[in-house]
$ cat my_file22.cif   # mmCIF, C-alpha atoms
data_model
#
loop_
_atom_site.label_atom_id
_atom_site.label_comp_id
_atom_site.auth_asym_id
_atom_site.auth_seq_id
_atom_site.Cartn_x
_atom_site.Cartn_y
_atom_site.Cartn_z
CA MET A 291 94.81 89.33 85.88
CA SER A 292 92.08 89.48 83.27
CA ARG A 293 89.55 86.81 82.44
CA ALA A 294 89.99 84.76 79.31
CA SER A 295 86.37 85.31 78.29
CA ASP A 296 83.60 87.92 78.15
CA GLY A 297 81.87 86.99 81.43
CA THR A 298 78.85 85.30 79.82
CA PRO A 299 77.68 81.98 81.36
CA GLN A 300 79.54 80.14 78.60
CA GLY A 301 82.54 82.32 79.25
CA VAL A 302 82.53 81.47 82.94
CA ILE A 303 82.96 77.80 82.04
CA LEU A 304 85.80 78.74 79.68
CA ASP A 305 87.43 80.75 82.47
CA LEU A 306 87.38 77.69 84.70
CA VAL A 307 89.14 75.61 82.05
CA VAL A 308 91.73 78.30 81.38
CA GLY A 309 92.14 78.70 85.14
CA PHE A 310 93.29 75.09 85.37
CA TRP A 311 95.76 75.59 82.54
CA SER A 312 96.95 78.85 84.08
CA ALA A 313 97.59 77.30 87.49
CA CYS A 314 99.59 74.48 85.87
CA ALA A 315 101.66 76.98 83.88
CA VAL A 316 102.49 79.08 86.94
CA ALA A 317 103.31 76.00 89.01
CA THR A 318 105.68 74.80 86.27
CA THR A 319 107.35 78.20 86.22
CA ALA A 320 107.77 77.99 89.99
CA ARG A 321 109.09 74.44 89.88
CA LEU A 322 111.69 75.36 87.23
CA GLY A 323 113.05 78.15 89.42
CA ILE A 324 112.49 80.81 86.74
CA ALA A 325 111.82 83.59 89.24
CA ASP A 326 115.13 83.00 91.00
CA ARG A 327 116.88 83.33 87.64
CA LEU A 328 115.06 86.60 86.92
CA ALA A 329 115.85 88.13 90.31
CA ARG A 330 118.79 90.07 88.85
CA GLY A 331 116.81 91.44 85.92
CA PRO A 332 114.96 90.55 82.72
CA ARG A 333 116.26 87.72 80.55
CA THR A 334 115.32 86.11 77.27
CA ALA A 335 113.83 82.64 77.03
CA ALA A 336 116.87 81.53 75.05
CA GLU A 337 119.23 82.63 77.82
CA LEU A 338 117.19 80.88 80.49
CA ALA A 339 116.78 77.74 78.41
CA ALA A 340 120.54 77.46 77.91
CA GLU A 341 121.14 77.70 81.66
CA LEU A 342 118.39 75.28 82.65
CA GLY A 343 118.73 72.75 79.85
CA LEU A 344 115.26 73.41 78.42
CA ASP A 345 113.84 73.73 74.92
CA ALA A 346 114.07 77.44 74.08
CA ASP A 347 110.90 77.63 72.00
CA ALA A 348 108.79 75.74 74.53
CA LEU A 349 110.13 77.89 77.36
CA PHE A 350 109.31 81.05 75.41
CA ARG A 351 105.75 79.84 74.98
CA LEU A 352 105.47 79.11 78.71
CA LEU A 353 106.84 82.52 79.70
CA ARG A 354 104.59 84.26 77.18
CA ALA A 355 101.56 82.52 78.68
CA VAL A 356 102.56 83.30 82.25
CA SER A 357 103.22 86.94 81.39
CA SER A 358 99.64 87.17 80.10
CA LEU A 359 98.53 86.36 83.67
CA GLY A 360 100.54 89.20 85.20
CA VAL A 361 103.07 86.88 86.84
CA LEU A 362 105.89 88.03 84.53
CA SER A 363 106.41 91.22 82.58
CA ARG A 364 107.36 91.19 78.93
CA GLU A 365 109.83 93.66 77.53
CA GLY A 366 109.92 93.90 73.77
CA ALA A 367 109.57 90.70 71.84
CA ALA A 368 111.66 88.30 73.87
CA ARG A 369 112.71 89.54 77.35
CA PHE A 370 110.81 88.64 80.51
CA GLY A 371 111.04 90.04 84.02
CA LEU A 372 109.31 89.74 87.38
CA THR A 373 106.15 91.52 88.44
CA ALA A 374 105.12 91.87 92.10
CA VAL A 375 103.31 88.54 91.74
CA GLY A 376 106.32 86.93 90.10
CA GLU A 377 108.54 88.06 92.98
CA LEU A 378 106.55 85.72 95.23
CA LEU A 379 107.72 82.77 93.13
CA ARG A 380 111.30 83.38 94.24
CA SER A 381 112.55 80.92 96.84
CA ASP A 382 114.55 83.48 98.80
CA VAL A 383 112.03 86.23 99.62
CA PRO A 384 109.88 86.71 102.73
CA GLY A 385 106.39 85.40 102.09
CA SER A 386 107.50 83.25 99.14
CA GLN A 387 104.64 81.32 97.56
CA ARG A 388 106.82 79.15 95.33
CA ALA A 389 106.41 75.99 97.41
CA LEU A 390 102.68 76.53 97.82
CA ILE A 391 101.75 76.54 94.15
CA ALA A 392 104.43 74.05 93.12
CA SER A 393 103.27 71.57 95.76
CA GLU A 394 99.52 71.97 95.28
CA LEU A 395 99.91 71.16 91.57
CA ASP A 396 102.47 68.39 91.88
CA THR A 397 101.89 64.76 90.92
CA ALA A 398 100.63 63.88 94.39
CA HIS A 399 97.76 66.34 94.00
CA TYR A 400 96.70 66.51 90.37
CA LEU A 401 96.46 62.77 89.75
CA PRO A 402 93.99 62.20 92.62
CA TRP A 403 92.05 65.35 91.69
CA GLY A 404 91.63 63.87 88.23
CA ARG A 405 89.57 61.14 89.89
CA LEU A 406 87.34 63.43 91.96
CA GLU A 407 84.27 61.77 90.45
CA GLU A 408 85.24 58.49 92.10
CA SER A 409 85.49 60.17 95.51
CA VAL A 410 82.07 61.72 95.02
CA ARG A 411 80.58 58.33 94.12
CA THR A 412 82.15 56.49 97.05
CA GLY A 413 82.71 59.15 99.70
CA ARG A 414 86.28 57.90 100.01
CA PRO A 415 89.68 59.42 99.11
CA VAL A 416 91.28 58.16 95.90
CA PHE A 417 94.91 58.92 96.73
CA GLU A 418 95.62 55.41 97.98
CA LYS A 419 94.04 53.85 94.87
CA VAL A 420 96.18 56.04 92.62
CA PHE A 421 99.51 55.42 94.37
CA SER A 422 98.90 52.16 96.31
CA MET A 423 99.95 53.86 99.54
CA LYS A 424 98.74 56.53 101.92
CA THR A 425 99.61 60.18 101.39
CA TRP A 426 102.22 60.47 104.14
CA GLU A 427 103.85 57.20 103.07
CA TYR A 428 104.08 58.56 99.52
CA TYR A 429 105.83 61.72 100.66
CA ARG A 430 108.17 59.80 102.95
CA ASP A 431 109.02 56.74 100.86
CA ARG A 432 108.22 57.23 97.19
CA SER A 433 108.86 60.92 96.61
CA PRO A 434 110.84 62.60 99.40
CA ALA A 435 111.44 65.58 97.10
CA GLU A 436 107.69 66.20 96.87
CA GLY A 437 107.50 65.62 100.62
CA ARG A 438 110.06 68.35 101.24
CA LEU A 439 108.18 70.65 98.89
CA PHE A 440 104.94 69.93 100.74
CA SER A 441 106.56 70.73 104.10
CA ALA A 442 107.89 73.96 102.61
CA ASN A 443 104.34 74.62 101.36
CA MET A 444 103.02 74.26 104.92
CA THR A 445 105.72 76.65 106.14
CA ALA A 446 104.75 79.18 103.47
CA MET A 447 101.07 78.94 104.43
CA SER A 448 102.01 79.43 108.09
CA GLN A 449 103.84 82.62 107.23
CA ILE A 450 100.73 83.96 105.48
CA GLU A 451 98.48 83.15 108.40
CA THR A 452 100.73 83.80 111.39
CA ARG A 453 100.56 87.59 111.43
CA GLY A 454 96.78 87.50 111.58
CA ILE A 455 96.82 84.79 114.24
CA LEU A 456 99.19 86.61 116.57
CA ALA A 457 97.26 89.85 116.20
CA ALA A 458 94.10 88.06 117.38
CA TYR A 459 95.38 85.57 119.96
CA SER A 460 97.95 85.75 122.75
CA PHE A 461 100.44 83.06 123.73
CA GLU A 462 102.31 85.38 126.12
CA GLU A 463 101.44 83.46 129.31
CA ALA A 464 102.40 80.07 127.91
CA ARG A 465 105.18 78.08 129.56
CA CYS A 466 105.51 75.12 127.16
CA ILE A 467 103.98 75.16 123.68
CA VAL A 468 103.74 71.82 121.88
CA ASP A 469 103.19 72.04 118.11
CA VAL A 470 101.64 68.73 117.07
CA GLY A 471 102.24 67.99 113.40
CA GLY A 472 104.05 71.32 113.17
CA ALA A 473 106.11 70.67 110.00
CA HIS A 474 109.21 72.88 110.09
CA GLY A 475 108.01 74.89 113.08
CA ALA A 476 107.13 78.26 111.53
CA PHE A 477 103.93 78.64 113.57
CA LEU A 478 105.61 77.46 116.77
CA ALA A 479 108.50 79.86 116.20
CA ALA A 480 106.15 82.81 115.74
CA ALA A 481 104.24 81.88 118.91
CA LEU A 482 107.53 81.69 120.82
CA GLN A 483 108.53 85.14 119.61
CA GLN A 484 105.38 86.39 121.34
CA ALA A 485 105.80 84.14 124.41
CA GLN A 486 109.40 85.09 125.07
CA THR A 487 109.86 83.07 128.27
CA ALA A 488 108.22 79.89 126.96
CA ARG A 489 109.91 76.82 125.58
CA GLY A 490 108.61 74.83 122.65
CA ILE A 491 108.39 71.25 121.44
CA LEU A 492 108.06 70.57 117.72
CA PHE A 493 106.42 67.19 117.13
CA ASP A 494 106.22 65.61 113.67
CA GLN A 495 107.56 62.72 111.61
CA THR A 496 111.29 62.02 111.71
CA GLN A 497 112.09 63.25 108.20
CA VAL A 498 110.09 66.44 108.76
CA VAL A 499 111.56 67.65 112.07
CA ALA A 500 115.03 66.75 110.76
CA GLU A 501 114.75 69.74 108.40
CA ALA A 502 113.29 72.23 110.90
CA GLY A 503 116.62 73.73 112.00
CA PRO A 504 116.90 76.51 109.38
CA VAL A 505 113.37 77.78 110.10
CA LEU A 506 113.88 77.77 113.87
CA ARG A 507 117.23 79.52 113.54
CA ARG A 508 115.80 82.12 111.17
CA PHE A 509 113.19 83.01 113.79
CA GLY A 510 115.85 83.05 116.52
CA VAL A 511 114.16 80.39 118.70
CA ALA A 512 116.23 77.27 118.00
CA ASP A 513 117.70 77.31 121.52
CA ARG A 514 114.19 77.15 123.02
CA VAL A 515 112.77 74.35 120.87
CA ARG A 516 113.16 70.60 121.29
CA CYS A 517 112.35 68.58 118.18
CA VAL A 518 110.61 65.27 118.89
CA ALA A 519 109.80 62.70 116.21
CA GLY A 520 106.74 60.54 116.55
CA ASP A 521 103.19 59.66 115.58
CA PHE A 522 100.36 61.73 117.01
CA PHE A 523 98.19 58.63 117.28
CA GLY A 524 100.70 57.44 119.88
CA GLU A 525 102.13 59.15 122.92
CA LEU A 526 102.63 62.92 122.74
CA PRO A 527 105.13 65.08 124.65
CA GLN A 528 103.81 65.52 128.17
CA ALA A 529 102.73 68.44 130.36
CA GLY A 530 102.56 71.23 127.80
CA ASP A 531 100.15 74.00 128.70
CA VAL A 532 99.41 74.86 125.03
CA TYR A 533 99.02 72.25 122.29
CA LEU A 534 98.86 73.60 118.75
CA LEU A 535 97.06 71.67 116.00
CA LYS A 536 97.33 73.77 112.88
CA HIS A 537 95.78 72.27 109.72
CA VAL A 538 95.98 68.81 111.28
CA LEU A 539 92.42 67.80 112.13
CA HIS A 540 91.03 68.61 108.70
CA ASP A 541 93.24 65.84 107.30
CA TRP A 542 91.31 63.17 109.20
CA GLY A 543 87.86 61.67 109.62
CA ASP A 544 85.93 62.17 112.84
CA GLU A 545 87.07 58.96 114.54
CA ASP A 546 90.75 59.71 113.95
CA CYS A 547 90.31 63.32 115.08
CA VAL A 548 88.91 62.07 118.39
CA ARG A 549 91.92 59.75 118.73
CA ILE A 550 94.34 62.64 118.19
CA LEU A 551 92.48 64.96 120.56
CA SER A 552 92.31 62.20 123.18
CA ARG A 553 96.10 61.87 123.03
CA VAL A 554 96.38 65.61 123.55
CA ARG A 555 93.95 65.44 126.48
CA GLU A 556 96.07 62.70 128.06
CA ALA A 557 99.32 64.64 127.61
CA MET A 558 98.34 68.21 128.48
CA ALA A 559 98.88 69.93 131.82
CA PRO A 560 95.73 70.13 134.00
CA GLU A 561 95.06 73.76 133.12
CA GLY A 562 96.28 73.42 129.56
CA ARG A 563 94.53 74.43 126.36
CA VAL A 564 94.31 73.08 122.85
CA VAL A 565 94.46 75.60 120.02
CA VAL A 566 93.11 74.22 116.74
CA ALA A 567 93.87 76.43 113.74
CA GLU A 568 91.52 75.63 110.87
CA LEU A 569 89.18 77.30 108.41
CA PRO A 570 85.77 76.65 110.01
CA LEU A 571 82.80 76.53 107.68
CA PRO A 572 79.80 78.72 108.53
CA GLN A 573 76.82 77.17 110.27
CA GLU A 574 74.49 78.71 107.72
CA GLY A 575 74.75 80.66 104.48
CA ALA A 576 77.39 80.69 101.80
CA ALA A 577 80.88 79.48 102.56
CA THR A 578 83.97 80.99 100.96
CA PRO A 579 85.35 79.25 97.86
CA MET A 580 88.59 78.67 99.78
CA GLY A 581 86.79 76.77 102.52
CA VAL A 582 84.65 74.52 100.36
CA MET A 583 87.41 73.81 97.83
CA LEU A 584 89.80 72.93 100.64
CA ASP A 585 87.10 70.57 101.89
CA LEU A 586 87.05 68.83 98.50
CA ASN A 587 90.84 68.59 98.60
CA MET A 588 90.57 66.77 101.93
CA LEU A 589 88.00 64.37 100.44
CA VAL A 590 90.20 63.49 97.46
CA MET A 591 93.55 63.35 99.18
CA LEU A 592 93.02 62.12 102.71
CA GLY A 593 89.43 61.41 103.62
CA GLY A 594 89.31 64.38 105.98
CA ARG A 595 87.00 67.39 105.85
CA GLU A 596 86.51 71.00 106.85
CA ARG A 597 84.04 71.45 109.70
CA THR A 598 81.86 74.00 111.43
CA ALA A 599 82.73 75.20 114.94
CA ALA A 600 79.80 73.14 116.25
CA GLU A 601 81.23 70.02 114.63
CA TYR A 602 84.60 70.68 116.28
CA ALA A 603 82.79 71.07 119.60
CA VAL A 604 81.38 67.55 119.22
CA LEU A 605 84.85 66.14 118.53
CA PHE A 606 86.22 67.94 121.60
CA GLU A 607 83.45 66.54 123.80
CA GLN A 608 84.16 62.99 122.65
CA ALA A 609 87.83 63.46 123.56
CA GLY A 610 87.17 64.83 127.05
CA LEU A 611 87.57 68.47 126.08
CA ARG A 612 85.17 71.39 125.83
CA LEU A 613 85.06 74.22 123.33
CA SER A 614 85.98 77.43 125.15
CA ARG A 615 85.97 80.00 122.32
CA VAL A 616 86.42 80.61 118.61
CA VAL A 617 88.75 83.46 117.71
CA PRO A 618 88.48 84.83 114.16
CA THR A 619 91.58 86.34 112.57
CA ALA A 620 92.37 88.61 109.65
CA ALA A 621 93.88 85.58 107.91
CA PRO A 622 91.66 82.97 106.23
CA ILE A 623 91.74 80.90 109.43
CA ALA A 624 90.25 80.86 112.92
CA LEU A 625 91.52 79.58 116.26
CA ILE A 626 89.22 77.08 117.94
CA GLU A 627 90.24 76.76 121.59
CA ALA A 628 89.40 73.90 123.92
CA ARG A 629 90.18 73.05 127.51
CA ALA A 630 89.78 69.94 129.63
CA ALA A 631 86.15 69.14 130.33
CA THR A 632 87.09 67.94 133.83
CA PRO A 633 90.47 67.69 135.60
CA ARG A 634 92.15 64.32 135.20
CA GLY A 635 91.08 62.03 137.97
CA ALA A 636 88.04 64.12 138.89
CA ALA A 637 84.51 62.84 138.65
CA PRO A 638 82.76 64.04 135.48
#

$ encode --input "my_file22.cif" --output "C-alpha cells"
Amino acid sequence: MSRASDGTPQGVILDLVVGFWSACAVATTARLGIADRLARGPRTAAELAAELGLDADALFRLLRAVSSLGVLSREGAARFGLTAVGELLRSDVPGSQRALIASELDTAHYLPWGRLEESVRTGRPVFEKVFSMKTWEYYRDRSPAEGRLFSANMTAMSQIETRGILAAYSFEEARCIVDVGGAHGAFLAAALQQAQTARGILFDQTQVVAEAGPVLRRFGVADRVRCVAGDFFGELPQAGDVYLLKHVLHDWGDEDCVRILSRVREAMAPEGRVVVAELPLPQEGAATPMGVMLDLNMLVMLGGRERTAAEYAVLFEQAGLRLSRVVPTAAPIALIEARAATPRGAAP
C-alpha cells in the first residue's frame, strides 16, 4: 500500500489523516460483508449495491477508495475483486481479520477515541462519559451485536498469536487449564490441542461463553471443555494447575489487576502457574507503535494500561505470586509466567 504523500514532514501528517480515513473505509467494507460477496469472483458496484440495498454510486466510490489501498483489485472501469489482503476480510477463511478491523472501528471505539484529549487531561477513560455505562455493560446491554463482534475480534487476534505462543511455550504437562476471560475459547482450545490429556475450563461472562461452542467444536476439544459463567473479581474455578489470562490485565488499573490475580492465587492448585499473555513494554528504549498505541486504547476505553515485565512482577508480588519467567514469542505478545510465592498455609 503506497503513502498518500511524498514523505516530507508535511506529508507525514497528511498520511496520518488519510490513514484514519483509510481504516474507516476498510472497516466499512468489512462490516458490509463485501469480501464474502466477492469470494466467487469480481463484481460491479451496481451488482453488489442491488444485493445489499446500498446506493450504487456511493458504493462504487467506497470500493474505488479501498482498491487504491490494495485491499481490492479493480478490473476495467467498474469490476472489483479480492486481493490477498481482501481475502482476510472474508468471514469464512482461516485467519480472518474481518471482526478485528470492524470491531476496532465500531461506535464503541471511535467515539471515545474522539475524546482522547479529555483522557490525557484527566488520566481517566472517557468511555463511560460517552455512553453512560462501562464498556462491558455497553457490549452486553446496549449493543449485543457489537459485543459479539468484539468477541469475534478477540478470537481472531488469538488465532494470529496462538501459533507463536505454542511454538515458544509448552502446556503439555498441564492437567486442568482454566482460561480466565477467555472469550470464545480459541486460545484455550489451541493449548488443549498441545496438552492432549488435559481438560479445560472456559470462564467468561454468560453471553460470551454461550457462543463458544462453534469455536470449541472446530478445534475438536468441546468434549474436554467445561464452560463456566462468572465474574473474575469473584470466585474462580478451583484447583486448575494452569490459569490463562490473555489480554485481560491490560484492561484494568493496578488495584483491579491485583484483585484478579489474588482470586487466581486463591483458586489455583498448590503447584499451579499463571500464564499472562500481554504485550510487555520495554524497560528502556523505544517501544513498538503497536505497544504504545494499544496502551492509549486502554487509557481511552477502560482505564487500563500496557506494562513492563517489572511492573507485572510488582502486581504478582502484591497478589501472593512471584514472576518466574518471561517467554518472548514470534507473535507480538509475550508470556509472563508466575507461580505461588509460598504454598497456601505456609509461613511467608

$ resolve_selection --input "my_file22.cif" --expression "the PyMOL selection byres ((chain A and resi 539) around 9)" --output "PyMOL selection string"
chain A and resi 535-538+540-544+546-547+550-551+566-568+594-596

$ atom_distance --input "my_file22.cif" --atom1 "atom CA of Glu377 of chain A" --atom2 "atom CA of Ala329 of chain A"
7.8 Å

$ residues_around --input "my_file22.cif" --residues "Ala339 of chain A" --least-positions-apart "6" --cutoff "12 Å" --atoms "all atoms listed in the file" --output "number ranges by chain"
A: 322-324, 327, 333, 345-353

$ closest_atom_pairs --input "my_file22.cif" --of "segment 453-497 of chain A" --to "segment 419-440 of chain A" --cutoff "12 Å" --atoms "all atoms listed in the file" --output "CSV"
residue,atom,partner,partner_atom,distance
A:Gly471,CA,A:Trp426,CA,11.9
A:Ala473,CA,A:Phe440,CA,9.4
A:His474,CA,A:Arg438,CA,10.0
A:Asp494,CA,A:Trp426,CA,11.5
A:Gln495,CA,A:Arg430,CA,9.2
A:Thr496,CA,A:Arg430,CA,9.6
A:Gln497,CA,A:Arg430,CA,7.4

$ residues_near_point --input "my_file22.cif" --point "(100.7, 83.0, 115.7)" --cutoff "10 Å" --atoms "only C-alpha atoms" --output "compact mmCIF listing (two decimals) with C-alpha atoms, keeping the file's coordinate frame"
# COMPACT_ATOMS: atom_id res chain seq x y z
CA SER A 448 102.01 79.43 108.09
CA GLN A 449 103.84 82.62 107.23
CA GLU A 451 98.48 83.15 108.40
CA THR A 452 100.73 83.80 111.39
CA ARG A 453 100.56 87.59 111.43
CA GLY A 454 96.78 87.50 111.58
CA ILE A 455 96.82 84.79 114.24
CA LEU A 456 99.19 86.61 116.57
CA ALA A 457 97.26 89.85 116.20
CA ALA A 458 94.10 88.06 117.38
CA TYR A 459 95.38 85.57 119.96
CA SER A 460 97.95 85.75 122.75
CA PHE A 461 100.44 83.06 123.73
CA ALA A 476 107.13 78.26 111.53
CA PHE A 477 103.93 78.64 113.57
CA LEU A 478 105.61 77.46 116.77
CA ALA A 479 108.50 79.86 116.20
CA ALA A 480 106.15 82.81 115.74
CA ALA A 481 104.24 81.88 118.91
CA LEU A 482 107.53 81.69 120.82
CA GLN A 483 108.53 85.14 119.61
CA GLN A 484 105.38 86.39 121.34
CA ALA A 567 93.87 76.43 113.74
CA LEU A 625 91.52 79.58 116.26

$ resolve_selection --input "my_file22.cif" --expression "the PyMOL selection byres ((chain A and resi 555) around 8)" --output "number ranges by chain"
A: 551-554, 556-558, 609-611, 630

$ atom_distance --input "my_file22.cif" --atom1 "atom CA of Ala313 of chain A" --atom2 "atom CA of Leu395 of chain A"
7.7 Å

$ atom_distance --input "my_file22.cif" --atom1 "atom CA of Phe606 of chain A" --atom2 "atom CA of Leu534 of chain A"
14.1 Å

$ residues_near_point --input "my_file22.cif" --point "(78.4, 77.1, 105.7)" --cutoff "12 Å" --atoms "all atoms listed in the file" --output "list in words"
Leu569, Pro570, Leu571, Pro572, Gln573, Glu574, Gly575, Ala576, Ala577, Thr578, Pro579, Met580, Gly581, Val582, Asp585, Glu596, Arg597, Thr598, Ala599, Ala600 and Glu601 of chain A

$ closest_residue --input "my_file22.cif" --among "A:Gly343, A:Ala336, A:Ala317, A:Pro402" --to "Leu378 of chain A" --atoms "only C-alpha atoms"
A:Ala317

$ residues_around --input "my_file22.cif" --residues "segment 408-412 of chain A" --least-positions-apart "3" --cutoff "12 Å" --atoms "all atoms listed in the file" --output "number ranges by chain"
A: 402-405, 415-420, 586-594

$ closest_residue --input "my_file22.cif" --among "A:Ser363, A:Ala442, A:Val356, A:Glu627" --to "Ala389 of chain A" --atoms "all atoms listed in the file"
A:Ala442

$ closest_residue --input "my_file22.cif" --among "A:Arg465, A:Arg508, A:Arg388, A:Arg612" --to "Val316 of chain A" --atoms "all atoms listed in the file"
A:Arg388

$ build_atoms --input "my_file22.cif" --residues "segment 303-332 of chain A" --atoms "N, CA and C atoms" --output "PDB file, in the coordinates of the input"
ATOM      1  N   ILE A 303      82.449  79.163  82.169  1.00  0.00           N
ATOM      2  CA  ILE A 303      82.960  77.800  82.040  1.00  0.00           C
ATOM      3  C   ILE A 303      84.346  77.822  81.389  1.00  0.00           C
ATOM      4  N   LEU A 304      84.496  78.634  80.343  1.00  0.00           N
ATOM      5  CA  LEU A 304      85.800  78.740  79.680  1.00  0.00           C
ATOM      6  C   LEU A 304      86.856  79.258  80.652  1.00  0.00           C
ATOM      7  N   ASP A 305      86.481  80.231  81.486  1.00  0.00           N
ATOM      8  CA  ASP A 305      87.430  80.750  82.470  1.00  0.00           C
ATOM      9  C   ASP A 305      87.904  79.670  83.424  1.00  0.00           C
ATOM     10  N   LEU A 306      86.996  78.771  83.804  1.00  0.00           N
ATOM     11  CA  LEU A 306      87.380  77.690  84.700  1.00  0.00           C
ATOM     12  C   LEU A 306      88.402  76.761  84.042  1.00  0.00           C
ATOM     13  N   VAL A 307      88.191  76.459  82.771  1.00  0.00           N
ATOM     14  CA  VAL A 307      89.140  75.610  82.050  1.00  0.00           C
ATOM     15  C   VAL A 307      90.496  76.295  81.933  1.00  0.00           C
ATOM     16  N   VAL A 308      90.471  77.560  81.520  1.00  0.00           N
ATOM     17  CA  VAL A 308      91.730  78.300  81.380  1.00  0.00           C
ATOM     18  C   VAL A 308      92.392  78.494  82.735  1.00  0.00           C
ATOM     19  N   GLY A 309      91.574  78.583  83.803  1.00  0.00           N
ATOM     20  CA  GLY A 309      92.140  78.700  85.140  1.00  0.00           C
ATOM     21  C   GLY A 309      92.973  77.490  85.516  1.00  0.00           C
ATOM     22  N   PHE A 310      92.510  76.312  85.123  1.00  0.00           N
ATOM     23  CA  PHE A 310      93.290  75.090  85.370  1.00  0.00           C
ATOM     24  C   PHE A 310      94.604  75.138  84.608  1.00  0.00           C
ATOM     25  N   TRP A 311      94.522  75.486  83.325  1.00  0.00           N
ATOM     26  CA  TRP A 311      95.760  75.590  82.540  1.00  0.00           C
ATOM     27  C   TRP A 311      96.704  76.625  83.142  1.00  0.00           C
ATOM     28  N   SER A 312      96.138  77.751  83.541  1.00  0.00           N
ATOM     29  CA  SER A 312      96.950  78.850  84.080  1.00  0.00           C
ATOM     30  C   SER A 312      97.677  78.420  85.341  1.00  0.00           C
ATOM     31  N   ALA A 313      96.961  77.743  86.246  1.00  0.00           N
ATOM     32  CA  ALA A 313      97.590  77.300  87.490  1.00  0.00           C
ATOM     33  C   ALA A 313      98.723  76.324  87.200  1.00  0.00           C
ATOM     34  N   CYS A 314      98.518  75.421  86.237  1.00  0.00           N
ATOM     35  CA  CYS A 314      99.590  74.480  85.870  1.00  0.00           C
ATOM     36  C   CYS A 314     100.802  75.207  85.302  1.00  0.00           C
ATOM     37  N   ALA A 315     100.562  76.233  84.487  1.00  0.00           N
ATOM     38  CA  ALA A 315     101.660  76.980  83.880  1.00  0.00           C
ATOM     39  C   ALA A 315     102.468  77.722  84.945  1.00  0.00           C
ATOM     40  N   VAL A 316     101.787  78.348  85.894  1.00  0.00           N
ATOM     41  CA  VAL A 316     102.490  79.080  86.940  1.00  0.00           C
ATOM     42  C   VAL A 316     103.243  78.119  87.857  1.00  0.00           C
ATOM     43  N   ALA A 317     102.618  76.983  88.175  1.00  0.00           N
ATOM     44  CA  ALA A 317     103.310  76.000  89.010  1.00  0.00           C
ATOM     45  C   ALA A 317     104.566  75.468  88.326  1.00  0.00           C
ATOM     46  N   THR A 318     104.498  75.252  87.017  1.00  0.00           N
ATOM     47  CA  THR A 318     105.680  74.800  86.270  1.00  0.00           C
ATOM     48  C   THR A 318     106.770  75.856  86.293  1.00  0.00           C
ATOM     49  N   THR A 319     106.377  77.099  86.141  1.00  0.00           N
ATOM     50  CA  THR A 319     107.350  78.200  86.220  1.00  0.00           C
ATOM     51  C   THR A 319     108.016  78.227  87.584  1.00  0.00           C
ATOM     52  N   ALA A 320     107.221  78.015  88.632  1.00  0.00           N
ATOM     53  CA  ALA A 320     107.770  77.990  89.990  1.00  0.00           C
ATOM     54  C   ALA A 320     108.718  76.809  90.168  1.00  0.00           C
ATOM     55  N   ARG A 321     108.293  75.656  89.692  1.00  0.00           N
ATOM     56  CA  ARG A 321     109.090  74.440  89.880  1.00  0.00           C
ATOM     57  C   ARG A 321     110.430  74.527  89.141  1.00  0.00           C
ATOM     58  N   LEU A 322     110.454  75.208  88.002  1.00  0.00           N
ATOM     59  CA  LEU A 322     111.690  75.360  87.230  1.00  0.00           C
ATOM     60  C   LEU A 322     112.651  76.389  87.814  1.00  0.00           C
ATOM     61  N   GLY A 323     112.185  77.144  88.804  1.00  0.00           N
ATOM     62  CA  GLY A 323     113.050  78.150  89.420  1.00  0.00           C
ATOM     63  C   GLY A 323     113.277  79.375  88.550  1.00  0.00           C
ATOM     64  N   ILE A 324     112.339  79.673  87.659  1.00  0.00           N
ATOM     65  CA  ILE A 324     112.490  80.810  86.740  1.00  0.00           C
ATOM     66  C   ILE A 324     112.625  82.127  87.489  1.00  0.00           C
ATOM     67  N   ALA A 325     111.809  82.306  88.524  1.00  0.00           N
ATOM     68  CA  ALA A 325     111.820  83.590  89.240  1.00  0.00           C
ATOM     69  C   ALA A 325     113.173  83.852  89.889  1.00  0.00           C
ATOM     70  N   ASP A 326     113.804  82.812  90.421  1.00  0.00           N
ATOM     71  CA  ASP A 326     115.130  83.000  91.000  1.00  0.00           C
ATOM     72  C   ASP A 326     116.125  83.460  89.933  1.00  0.00           C
ATOM     73  N   ARG A 327     115.985  82.947  88.732  1.00  0.00           N
ATOM     74  CA  ARG A 327     116.880  83.330  87.640  1.00  0.00           C
ATOM     75  C   ARG A 327     116.640  84.757  87.172  1.00  0.00           C
ATOM     76  N   LEU A 328     115.395  85.241  87.357  1.00  0.00           N
ATOM     77  CA  LEU A 328     115.060  86.600  86.920  1.00  0.00           C
ATOM     78  C   LEU A 328     115.252  87.633  88.016  1.00  0.00           C
ATOM     79  N   ALA A 329     115.719  87.207  89.179  1.00  0.00           N
ATOM     80  CA  ALA A 329     115.850  88.130  90.310  1.00  0.00           C
ATOM     81  C   ALA A 329     116.804  89.277  90.016  1.00  0.00           C
ATOM     82  N   ARG A 330     117.788  89.032  89.163  1.00  0.00           N
ATOM     83  CA  ARG A 330     118.790  90.070  88.850  1.00  0.00           C
ATOM     84  C   ARG A 330     118.390  90.931  87.661  1.00  0.00           C
ATOM     85  N   GLY A 331     117.258  90.633  87.040  1.00  0.00           N
ATOM     86  CA  GLY A 331     116.810  91.440  85.920  1.00  0.00           C
ATOM     87  C   GLY A 331     116.244  90.616  84.800  1.00  0.00           C
ATOM     88  N   PRO A 332     115.610  91.258  83.824  1.00  0.00           N
ATOM     89  CA  PRO A 332     114.960  90.550  82.720  1.00  0.00           C
ATOM     90  C   PRO A 332     115.957  89.726  81.901  1.00  0.00           C
TER      91      PRO A 332
END
